[in-house]
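Asker: Input structure: query.txt, which contains compact mmCIF, N, CA and C atoms.
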```
# COMPACT_ATOMS: atom_id res chain seq x y z
N MET N 1 155.77 141.41 70.94
CA MET N 1 154.33 141.34 70.86
C MET N 1 153.90 140.49 69.67
N LYS N 2 154.64 140.65 68.54
CA LYS N 2 154.30 139.89 67.36
C LYS N 2 154.54 138.40 67.60
N ARG N 3 155.60 138.08 68.31
CA ARG N 3 155.92 136.70 68.61
C ARG N 3 154.83 136.09 69.51
N LEU N 4 154.35 136.85 70.47
CA LEU N 4 153.29 136.39 71.37
C LEU N 4 152.00 136.14 70.59
N SER N 5 151.69 136.98 69.64
CA SER N 5 150.49 136.79 68.81
C SER N 5 150.60 135.53 67.97
N ILE N 6 151.77 135.26 67.44
CA ILE N 6 151.97 134.06 66.63
C ILE N 6 151.84 132.81 67.49
N ILE N 7 152.42 132.83 68.67
CA ILE N 7 152.30 131.68 69.58
C ILE N 7 150.84 131.46 69.98
N PHE N 8 150.13 132.53 70.27
CA PHE N 8 148.72 132.42 70.63
C PHE N 8 147.91 131.83 69.46
N LEU N 9 148.18 132.28 68.26
CA LEU N 9 147.49 131.79 67.08
C LEU N 9 147.77 130.30 66.86
N ILE N 10 149.00 129.87 67.09
CA ILE N 10 149.34 128.45 66.95
C ILE N 10 148.57 127.62 67.97
N PHE N 11 148.49 128.08 69.21
CA PHE N 11 147.74 127.35 70.23
C PHE N 11 146.25 127.28 69.89
N VAL N 12 145.71 128.36 69.41
CA VAL N 12 144.28 128.38 69.07
C VAL N 12 143.98 127.42 67.93
N LEU N 13 144.79 127.44 66.89
CA LEU N 13 144.56 126.56 65.75
C LEU N 13 144.82 125.10 66.09
N ALA N 14 145.79 124.84 66.94
CA ALA N 14 146.11 123.46 67.30
C ALA N 14 145.08 122.86 68.26
N SER N 15 144.35 123.69 68.97
CA SER N 15 143.40 123.16 69.95
C SER N 15 142.06 122.76 69.34
N CYS N 16 141.81 123.12 68.11
CA CYS N 16 140.53 122.81 67.46
C CYS N 16 140.59 121.42 66.83
N GLU N 17 139.49 120.69 66.95
CA GLU N 17 139.37 119.39 66.31
C GLU N 17 138.49 119.52 65.07
N GLN N 18 138.60 118.56 64.19
CA GLN N 18 137.78 118.57 62.99
C GLN N 18 136.29 118.42 63.33
N ASN N 19 135.97 117.57 64.29
CA ASN N 19 134.57 117.30 64.61
C ASN N 19 134.09 118.10 65.82
N PHE N 20 134.63 119.27 66.01
CA PHE N 20 134.28 120.08 67.17
C PHE N 20 132.79 120.43 67.19
N LEU N 21 132.21 120.73 66.06
CA LEU N 21 130.81 121.14 66.01
C LEU N 21 129.85 119.98 65.77
N GLU N 22 130.35 118.78 65.65
CA GLU N 22 129.50 117.63 65.34
C GLU N 22 129.33 116.71 66.54
N ARG N 23 129.25 117.25 67.69
CA ARG N 23 129.11 116.43 68.89
C ARG N 23 127.64 116.18 69.18
N SER N 24 127.34 114.98 69.62
CA SER N 24 125.97 114.68 70.04
C SER N 24 125.85 115.01 71.52
N PRO N 25 124.64 115.29 71.97
CA PRO N 25 124.45 115.63 73.38
C PRO N 25 124.86 114.47 74.29
N ILE N 26 125.54 114.80 75.37
CA ILE N 26 126.00 113.78 76.31
C ILE N 26 124.84 113.28 77.15
N ILE N 27 123.98 114.18 77.57
CA ILE N 27 122.82 113.81 78.38
C ILE N 27 121.56 114.31 77.70
N GLY N 28 120.45 113.81 78.14
CA GLY N 28 119.18 114.29 77.62
C GLY N 28 118.61 113.38 76.55
N ILE N 29 117.40 113.70 76.16
CA ILE N 29 116.69 112.90 75.18
C ILE N 29 116.60 113.69 73.88
N THR N 30 116.96 113.05 72.80
CA THR N 30 116.82 113.65 71.48
C THR N 30 115.88 112.77 70.66
N GLN N 31 115.49 113.25 69.50
CA GLN N 31 114.61 112.44 68.66
C GLN N 31 115.32 111.17 68.20
N GLU N 32 116.62 111.22 68.07
CA GLU N 32 117.35 110.06 67.59
C GLU N 32 117.45 108.96 68.64
N ASN N 33 117.50 109.31 69.95
CA ASN N 33 117.65 108.28 70.97
C ASN N 33 116.38 108.03 71.77
N PHE N 34 115.27 108.67 71.42
CA PHE N 34 114.05 108.51 72.21
C PHE N 34 113.24 107.29 71.79
N TYR N 35 113.07 107.06 70.54
CA TYR N 35 112.14 106.05 70.03
C TYR N 35 112.76 104.66 70.11
N GLN N 36 112.62 104.01 71.29
CA GLN N 36 113.22 102.70 71.52
C GLN N 36 112.19 101.64 71.90
N THR N 37 111.25 101.97 72.79
CA THR N 37 110.33 100.98 73.34
C THR N 37 108.88 101.31 72.99
N GLU N 38 107.98 100.38 73.34
CA GLU N 38 106.55 100.62 73.12
C GLU N 38 106.06 101.79 73.96
N GLU N 39 106.61 101.93 75.16
CA GLU N 39 106.22 103.07 76.01
C GLU N 39 106.61 104.39 75.36
N ASP N 40 107.74 104.41 74.69
CA ASP N 40 108.16 105.62 73.97
C ASP N 40 107.19 105.94 72.84
N ALA N 41 106.71 104.91 72.15
CA ALA N 41 105.75 105.12 71.07
C ALA N 41 104.46 105.71 71.62
N TYR N 42 103.99 105.14 72.74
CA TYR N 42 102.77 105.68 73.35
C TYR N 42 102.98 107.11 73.85
N SER N 43 104.14 107.39 74.41
CA SER N 43 104.44 108.75 74.87
C SER N 43 104.44 109.74 73.71
N ALA N 44 104.96 109.32 72.58
CA ALA N 44 105.02 110.21 71.42
C ALA N 44 103.62 110.54 70.91
N VAL N 45 102.75 109.54 70.82
CA VAL N 45 101.39 109.83 70.34
C VAL N 45 100.60 110.60 71.40
N ASN N 46 100.90 110.38 72.68
CA ASN N 46 100.24 111.16 73.73
C ASN N 46 100.65 112.63 73.64
N ALA N 47 101.87 112.90 73.22
CA ALA N 47 102.30 114.29 73.03
C ALA N 47 101.49 114.95 71.91
N ALA N 48 101.14 114.18 70.89
CA ALA N 48 100.29 114.73 69.82
C ALA N 48 98.89 115.01 70.36
N TYR N 49 98.38 114.11 71.21
CA TYR N 49 97.07 114.35 71.83
C TYR N 49 97.08 115.59 72.72
N ALA N 50 98.21 115.89 73.32
CA ALA N 50 98.30 117.02 74.26
C ALA N 50 97.97 118.35 73.58
N ALA N 51 98.14 118.43 72.28
CA ALA N 51 97.81 119.67 71.57
C ALA N 51 96.30 119.91 71.54
N LEU N 52 95.51 118.90 71.88
CA LEU N 52 94.06 119.05 71.90
C LEU N 52 93.56 119.65 73.21
N GLN N 53 94.42 119.75 74.20
CA GLN N 53 93.99 120.19 75.52
C GLN N 53 93.58 121.65 75.54
N PHE N 54 92.70 121.94 76.46
CA PHE N 54 92.23 123.29 76.73
C PHE N 54 93.36 124.06 77.40
N GLU N 55 93.66 125.23 76.92
CA GLU N 55 94.76 126.02 77.49
C GLU N 55 94.21 127.36 77.96
N LEU N 56 94.23 127.55 79.25
CA LEU N 56 93.70 128.78 79.83
C LEU N 56 94.87 129.72 80.13
N SER N 57 95.28 130.43 79.11
CA SER N 57 96.38 131.38 79.27
C SER N 57 96.18 132.49 78.24
N PRO N 58 96.84 133.62 78.42
CA PRO N 58 96.72 134.67 77.40
C PRO N 58 97.17 134.14 76.04
N GLY N 59 96.33 134.25 75.07
CA GLY N 59 96.65 133.71 73.76
C GLY N 59 96.44 132.22 73.67
N GLY N 60 95.85 131.62 74.70
CA GLY N 60 95.59 130.18 74.69
C GLY N 60 94.47 129.84 73.72
N HIS N 61 94.33 128.57 73.45
CA HIS N 61 93.28 128.17 72.51
C HIS N 61 92.13 127.53 73.27
N PHE N 62 90.93 127.91 72.89
CA PHE N 62 89.71 127.42 73.50
C PHE N 62 88.88 126.83 72.38
N ARG N 63 88.89 125.53 72.25
CA ARG N 63 88.24 124.88 71.12
C ARG N 63 86.75 125.19 71.03
N TRP N 64 86.09 125.38 72.13
CA TRP N 64 84.65 125.62 72.07
C TRP N 64 84.32 126.98 71.47
N PHE N 65 85.27 127.91 71.44
CA PHE N 65 85.01 129.18 70.77
C PHE N 65 84.72 128.96 69.29
N TRP N 66 85.41 128.03 68.69
CA TRP N 66 85.30 127.83 67.25
C TRP N 66 84.22 126.81 66.91
N GLY N 67 83.62 126.20 67.88
CA GLY N 67 82.56 125.24 67.63
C GLY N 67 81.25 125.72 68.21
N ASP N 68 81.07 125.49 69.50
CA ASP N 68 79.78 125.75 70.13
C ASP N 68 79.41 127.22 70.20
N ILE N 69 80.35 128.08 70.53
CA ILE N 69 79.98 129.48 70.71
C ILE N 69 79.62 130.15 69.38
N MET N 70 80.09 129.60 68.28
CA MET N 70 79.76 130.17 66.97
C MET N 70 78.57 129.45 66.35
N SER N 71 77.80 128.76 67.17
CA SER N 71 76.57 128.12 66.72
C SER N 71 75.48 128.45 67.72
N ASP N 72 74.37 127.77 67.63
CA ASP N 72 73.30 128.02 68.59
C ASP N 72 73.38 127.06 69.78
N ASP N 73 74.48 126.33 69.91
CA ASP N 73 74.63 125.39 71.02
C ASP N 73 74.91 126.10 72.34
N SER N 74 75.53 127.26 72.30
CA SER N 74 75.86 127.97 73.54
C SER N 74 75.85 129.46 73.30
N GLN N 75 75.89 130.20 74.40
CA GLN N 75 75.97 131.65 74.33
C GLN N 75 77.17 132.09 75.15
N LYS N 76 77.67 133.27 74.86
CA LYS N 76 78.86 133.74 75.55
C LYS N 76 78.60 134.03 77.01
N GLY N 77 77.36 134.32 77.36
CA GLY N 77 77.04 134.64 78.75
C GLY N 77 77.47 136.05 79.09
N GLY N 78 77.53 136.34 80.37
CA GLY N 78 77.93 137.67 80.81
C GLY N 78 76.73 138.56 81.06
N SER N 79 77.00 139.76 81.52
CA SER N 79 75.93 140.66 81.92
C SER N 79 75.53 141.64 80.83
N GLY N 80 76.24 141.69 79.73
CA GLY N 80 75.90 142.62 78.67
C GLY N 80 76.85 142.49 77.50
N ASP N 81 76.64 143.34 76.53
CA ASP N 81 77.47 143.26 75.33
C ASP N 81 78.92 143.65 75.58
N ASN N 82 79.17 144.44 76.61
CA ASN N 82 80.55 144.84 76.91
C ASN N 82 81.31 143.80 77.71
N ASP N 83 80.61 142.82 78.24
CA ASP N 83 81.25 141.75 78.99
C ASP N 83 81.74 140.70 77.98
N ALA N 84 83.02 140.44 77.97
CA ALA N 84 83.63 139.50 77.02
C ALA N 84 83.28 139.90 75.59
N TYR N 85 83.63 141.12 75.24
CA TYR N 85 83.26 141.69 73.94
C TYR N 85 83.83 140.88 72.78
N GLU N 86 85.05 140.36 72.95
CA GLU N 86 85.66 139.57 71.89
C GLU N 86 84.84 138.32 71.59
N LEU N 87 84.25 137.73 72.66
CA LEU N 87 83.40 136.56 72.45
C LEU N 87 82.10 136.94 71.75
N LEU N 88 81.57 138.10 72.07
CA LEU N 88 80.36 138.57 71.39
C LEU N 88 80.62 138.71 69.89
N LEU N 89 81.77 139.24 69.54
CA LEU N 89 82.11 139.38 68.12
C LEU N 89 82.21 138.02 67.44
N LEU N 90 82.79 137.04 68.14
CA LEU N 90 82.87 135.70 67.57
C LEU N 90 81.48 135.09 67.43
N GLU N 91 80.66 135.28 68.46
CA GLU N 91 79.32 134.69 68.46
C GLU N 91 78.46 135.23 67.32
N THR N 92 78.68 136.47 66.94
CA THR N 92 77.90 137.09 65.87
C THR N 92 78.65 137.13 64.54
N PHE N 93 79.74 136.37 64.44
CA PHE N 93 80.54 136.27 63.22
C PHE N 93 81.04 137.63 62.73
N GLN N 94 81.39 138.49 63.67
CA GLN N 94 81.92 139.81 63.32
C GLN N 94 83.33 140.01 63.85
N GLY N 95 83.93 138.97 64.38
CA GLY N 95 85.22 139.10 65.02
C GLY N 95 86.34 139.37 64.04
N PRO N 96 87.35 140.07 64.50
CA PRO N 96 88.52 140.29 63.63
C PRO N 96 89.28 138.98 63.44
N VAL N 97 89.98 138.88 62.36
CA VAL N 97 90.69 137.64 62.06
C VAL N 97 92.05 137.56 62.74
N ASN N 98 92.49 138.62 63.38
CA ASN N 98 93.82 138.62 63.99
C ASN N 98 93.76 138.63 65.51
N THR N 99 92.84 137.90 66.11
CA THR N 99 92.73 137.87 67.56
C THR N 99 93.72 136.87 68.14
N ASP N 100 94.02 137.03 69.42
CA ASP N 100 94.86 136.06 70.12
C ASP N 100 94.19 134.70 70.16
N LEU N 101 92.86 134.69 70.21
CA LEU N 101 92.14 133.42 70.26
C LEU N 101 92.39 132.60 68.99
N LEU N 102 92.31 133.25 67.87
CA LEU N 102 92.53 132.55 66.60
C LEU N 102 93.99 132.14 66.45
N GLU N 103 94.88 132.99 66.87
CA GLU N 103 96.31 132.65 66.79
C GLU N 103 96.63 131.45 67.67
N GLY N 104 96.05 131.42 68.87
CA GLY N 104 96.28 130.28 69.76
C GLY N 104 95.73 128.99 69.19
N GLU N 105 94.58 129.06 68.54
CA GLU N 105 93.98 127.87 67.93
C GLU N 105 94.84 127.35 66.78
N TRP N 106 95.28 128.24 65.92
CA TRP N 106 96.14 127.82 64.80
C TRP N 106 97.46 127.24 65.31
N SER N 107 98.03 127.88 66.30
CA SER N 107 99.30 127.38 66.86
C SER N 107 99.13 125.98 67.43
N ALA N 108 98.03 125.76 68.16
CA ALA N 108 97.79 124.45 68.75
C ALA N 108 97.57 123.40 67.66
N CYS N 109 96.84 123.75 66.62
CA CYS N 109 96.60 122.80 65.53
C CYS N 109 97.91 122.42 64.84
N TYR N 110 98.73 123.40 64.53
CA TYR N 110 99.98 123.08 63.84
C TYR N 110 101.00 122.41 64.75
N GLU N 111 100.90 122.65 66.04
CA GLU N 111 101.74 121.90 66.98
C GLU N 111 101.33 120.43 66.97
N GLY N 112 100.03 120.17 66.97
CA GLY N 112 99.55 118.79 66.90
C GLY N 112 99.92 118.12 65.59
N ILE N 113 99.84 118.85 64.49
CA ILE N 113 100.21 118.29 63.18
C ILE N 113 101.70 117.95 63.17
N TYR N 114 102.52 118.84 63.71
CA TYR N 114 103.97 118.58 63.76
C TYR N 114 104.26 117.33 64.60
N ARG N 115 103.62 117.23 65.75
CA ARG N 115 103.87 116.08 66.62
C ARG N 115 103.38 114.78 65.97
N ALA N 116 102.23 114.83 65.31
CA ALA N 116 101.73 113.63 64.62
C ALA N 116 102.68 113.24 63.48
N ASN N 117 103.17 114.21 62.74
CA ASN N 117 104.12 113.92 61.66
C ASN N 117 105.42 113.33 62.21
N THR N 118 105.84 113.80 63.37
CA THR N 118 107.04 113.24 64.00
C THR N 118 106.81 111.78 64.36
N VAL N 119 105.64 111.46 64.90
CA VAL N 119 105.30 110.07 65.21
C VAL N 119 105.32 109.24 63.92
N LEU N 120 104.72 109.75 62.87
CA LEU N 120 104.66 109.01 61.61
C LEU N 120 106.04 108.82 60.98
N GLU N 121 106.97 109.68 61.32
CA GLU N 121 108.33 109.55 60.78
C GLU N 121 109.18 108.56 61.58
N TYR N 122 109.07 108.61 62.91
CA TYR N 122 109.99 107.84 63.75
C TYR N 122 109.46 106.49 64.22
N ILE N 123 108.16 106.25 64.17
CA ILE N 123 107.63 104.98 64.67
C ILE N 123 107.85 103.82 63.70
N PRO N 124 107.66 103.97 62.38
CA PRO N 124 107.80 102.81 61.48
C PRO N 124 109.12 102.05 61.60
N PRO N 125 110.28 102.70 61.74
CA PRO N 125 111.51 101.90 61.84
C PRO N 125 111.72 101.25 63.21
N MET N 126 110.87 101.54 64.19
CA MET N 126 111.05 100.97 65.53
C MET N 126 110.82 99.46 65.51
N GLU N 127 111.52 98.77 66.39
CA GLU N 127 111.35 97.33 66.52
C GLU N 127 110.43 97.04 67.69
N ILE N 128 109.14 97.24 67.46
CA ILE N 128 108.11 96.96 68.46
C ILE N 128 107.06 96.09 67.78
N SER N 129 106.10 95.60 68.57
CA SER N 129 105.09 94.71 68.00
C SER N 129 104.27 95.45 66.94
N ASP N 130 103.84 94.69 65.95
CA ASP N 130 103.07 95.29 64.86
C ASP N 130 101.74 95.85 65.35
N ALA N 131 101.14 95.22 66.35
CA ALA N 131 99.86 95.70 66.86
C ALA N 131 100.01 97.10 67.46
N VAL N 132 101.03 97.28 68.28
CA VAL N 132 101.27 98.60 68.90
C VAL N 132 101.64 99.61 67.83
N LYS N 133 102.50 99.22 66.91
CA LYS N 133 102.94 100.13 65.85
C LYS N 133 101.75 100.60 65.02
N ASN N 134 100.88 99.65 64.62
CA ASN N 134 99.72 100.02 63.81
C ASN N 134 98.75 100.91 64.58
N GLN N 135 98.57 100.62 65.87
CA GLN N 135 97.67 101.44 66.69
C GLN N 135 98.20 102.87 66.81
N VAL N 136 99.47 103.01 67.12
CA VAL N 136 100.06 104.34 67.30
C VAL N 136 100.05 105.12 65.99
N LEU N 137 100.37 104.46 64.89
CA LEU N 137 100.36 105.14 63.59
C LEU N 137 98.94 105.57 63.20
N ALA N 138 97.95 104.71 63.47
CA ALA N 138 96.57 105.06 63.16
C ALA N 138 96.10 106.25 64.00
N GLU N 139 96.46 106.26 65.28
CA GLU N 139 96.09 107.39 66.14
C GLU N 139 96.76 108.68 65.66
N ALA N 140 98.01 108.60 65.27
CA ALA N 140 98.71 109.79 64.78
C ALA N 140 98.08 110.31 63.49
N LYS N 141 97.69 109.40 62.60
CA LYS N 141 97.03 109.83 61.36
C LYS N 141 95.69 110.48 61.65
N PHE N 142 94.96 109.92 62.63
CA PHE N 142 93.67 110.52 62.99
C PHE N 142 93.86 111.91 63.58
N ILE N 143 94.81 112.05 64.50
CA ILE N 143 95.06 113.36 65.12
C ILE N 143 95.44 114.38 64.05
N ARG N 144 96.32 113.98 63.14
CA ARG N 144 96.74 114.89 62.08
C ARG N 144 95.56 115.30 61.20
N ALA N 145 94.72 114.33 60.84
CA ALA N 145 93.55 114.65 60.01
C ALA N 145 92.58 115.55 60.75
N TRP N 146 92.38 115.29 62.03
CA TRP N 146 91.46 116.11 62.82
C TRP N 146 91.98 117.54 62.95
N MET N 147 93.28 117.68 63.15
CA MET N 147 93.86 119.02 63.24
C MET N 147 93.77 119.76 61.90
N PHE N 148 93.97 119.07 60.80
CA PHE N 148 93.81 119.71 59.50
C PHE N 148 92.36 120.11 59.27
N TYR N 149 91.43 119.29 59.74
CA TYR N 149 90.01 119.60 59.57
C TYR N 149 89.63 120.86 60.33
N ASN N 150 90.20 121.02 61.53
CA ASN N 150 89.89 122.20 62.33
C ASN N 150 90.51 123.42 61.72
```
When written as structure tokens, how does the structure in this file appear?
Answerer:
Amino acid sequence: MKRLSIIFLIFVLASCEQNFLERSPIIGITQENFYQTEEDAYSAVNAAYAALQFELSPGGHFRWFWGDIMSDDSQKGGSGDNDAYELLLLETFQGPVNTDLLEGEWSACYEGIYRANTVLEYIPPMEISDAVKNQVLAEAKFIRAWMFYN
């Protein structure tokens, strides 16, 4: 039994390579191999814009809650105070700070900031036209600033 354990241990140690854990993905897109063409640059900045979209899901972010509904531009609607009570609290500035609505908004903003920062990191070394590069970088800076403002 001891001899079998030693043989097994020799096989296990001999089968490992030095760079076993340092393999790059064989298929798929990574940040290192994505940024090649002008279309890739546009796709990257479009991903940052996607964080601005309206998301109708539990915990989703609804930008108009934090703008229009908390001003005199709109009302929550409904048939009474018990209808959409969370919106009534927001409309009257009495809402709790730990709602799913607020969490969704913060998550969306920081997702947009992360994506804009990724664009700002990976686009400058790309070999694309200066006009496209400057446009994409300017859009990413604007998205990042707008997300920080919100």
Asker: Show me, as a PyMOL selection string, the residues that have an atom within 8 Å of N:Glu38 when counting only N, CA and C atoms, minus same-chain residues fewer than 3 positions from it.
Answerer: chain N and resi 35+41-44+127-129+132-133
Asker: Please measure the separation of atom CA of N:Asp130 and atom N of N:Leu52, giving the value in Å to one decimal.
Answerer: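 Interatomic distance here is 25.8 Å.
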Asker: Rank nothing, just name the residue among N:Ile10, N:Leu4, N:Ile27, N:Ala51 nearest to N:Ala108, using only C-alpha atoms.
Answerer: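 Using only C-alpha atoms, N:Ala108 sits closest to N:Ala51.
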Asker: Record the distance separating atom CA of N:Cys109 and atom CA of N:Asp83, expressed in Å with one decimal.
Answerer: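 These two atoms are separated by 27.9 Å.
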Asker: Could you jot down the atom N of N:Arg144 to atom CA of N:Asp40 separation for me, Å, one decimal place?
Answerer: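 Atom CA of N:Asp40 lies 18.1 Å from atom N of N:Arg144.
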Asker: I need the residue nearest N:Gly112 from this list: N:Phe34, N:Tyr49, N:Leu9, N:Arg3. Use only N, CA and C atoms for the distance.
Answerer: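 Counting only N, CA and C atoms, the residue closest to N:Gly112 is N:Tyr49.
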Asker: If you keep C-alpha atoms, can you output stretch 20-54 of chain N as an mmCIF file, in the first residue's frame?
Answerer:
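Okay, part_36.cif is ready:
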```cif
data_model
loop_
_atom_site.group_PDB
_atom_site.id
_atom_site.type_symbol
_atom_site.label_atom_id
_atom_site.label_comp_id
_atom_site.auth_asym_id
_atom_site.auth_seq_id
_atom_site.Cartn_x
_atom_site.Cartn_y
_atom_site.Cartn_z
ATOM 1 C CA PHE N 20 -0.780 25.310 -15.037
ATOM 2 C CA LEU N 21 -2.691 28.208 -13.474
ATOM 3 C CA GLU N 22 -1.526 30.857 -15.941
ATOM 4 C CA ARG N 23 -3.499 29.808 -18.971
ATOM 5 C CA SER N 24 -5.426 32.299 -21.040
ATOM 6 C CA PRO N 25 -8.938 31.431 -22.183
ATOM 7 C CA ILE N 26 -9.004 29.425 -25.396
ATOM 8 C CA ILE N 27 -12.334 30.829 -26.540
ATOM 9 C CA GLY N 28 -14.360 33.873 -25.674
ATOM 10 C CA ILE N 29 -13.743 37.564 -25.382
ATOM 11 C CA THR N 30 -11.634 39.065 -22.631
ATOM 12 C CA GLN N 31 -10.685 42.665 -21.973
ATOM 13 C CA GLU N 32 -7.222 41.957 -23.321
ATOM 14 C CA ASN N 33 -8.397 40.666 -26.725
ATOM 15 C CA PHE N 34 -11.553 42.752 -27.224
ATOM 16 C CA TYR N 35 -10.269 46.249 -27.958
ATOM 17 C CA GLN N 36 -9.053 45.886 -31.553
ATOM 18 C CA THR N 37 -11.264 47.840 -33.991
ATOM 19 C CA GLU N 38 -13.333 51.023 -34.128
ATOM 20 C CA GLU N 39 -16.472 48.905 -33.796
ATOM 21 C CA ASP N 40 -15.095 47.497 -30.549
ATOM 22 C CA ALA N 41 -14.531 51.030 -29.256
ATOM 23 C CA TYR N 42 -18.116 51.984 -30.100
ATOM 24 C CA SER N 43 -19.401 48.780 -28.486
ATOM 25 C CA ALA N 44 -17.482 49.550 -25.305
ATOM 26 C CA VAL N 45 -18.906 53.056 -24.960
ATOM 27 C CA ASN N 46 -22.383 51.733 -25.820
ATOM 28 C CA ALA N 47 -22.035 49.339 -22.882
ATOM 29 C CA ALA N 48 -21.452 52.367 -20.650
ATOM 30 C CA TYR N 49 -24.584 53.998 -22.093
ATOM 31 C CA ALA N 50 -26.552 50.819 -21.326
ATOM 32 C CA ALA N 51 -26.320 51.591 -17.609
ATOM 33 C CA LEU N 52 -28.615 54.567 -18.275
ATOM 34 C CA GLN N 53 -31.477 52.359 -19.434
ATOM 35 C CA PHE N 54 -34.734 51.965 -17.591
#
```
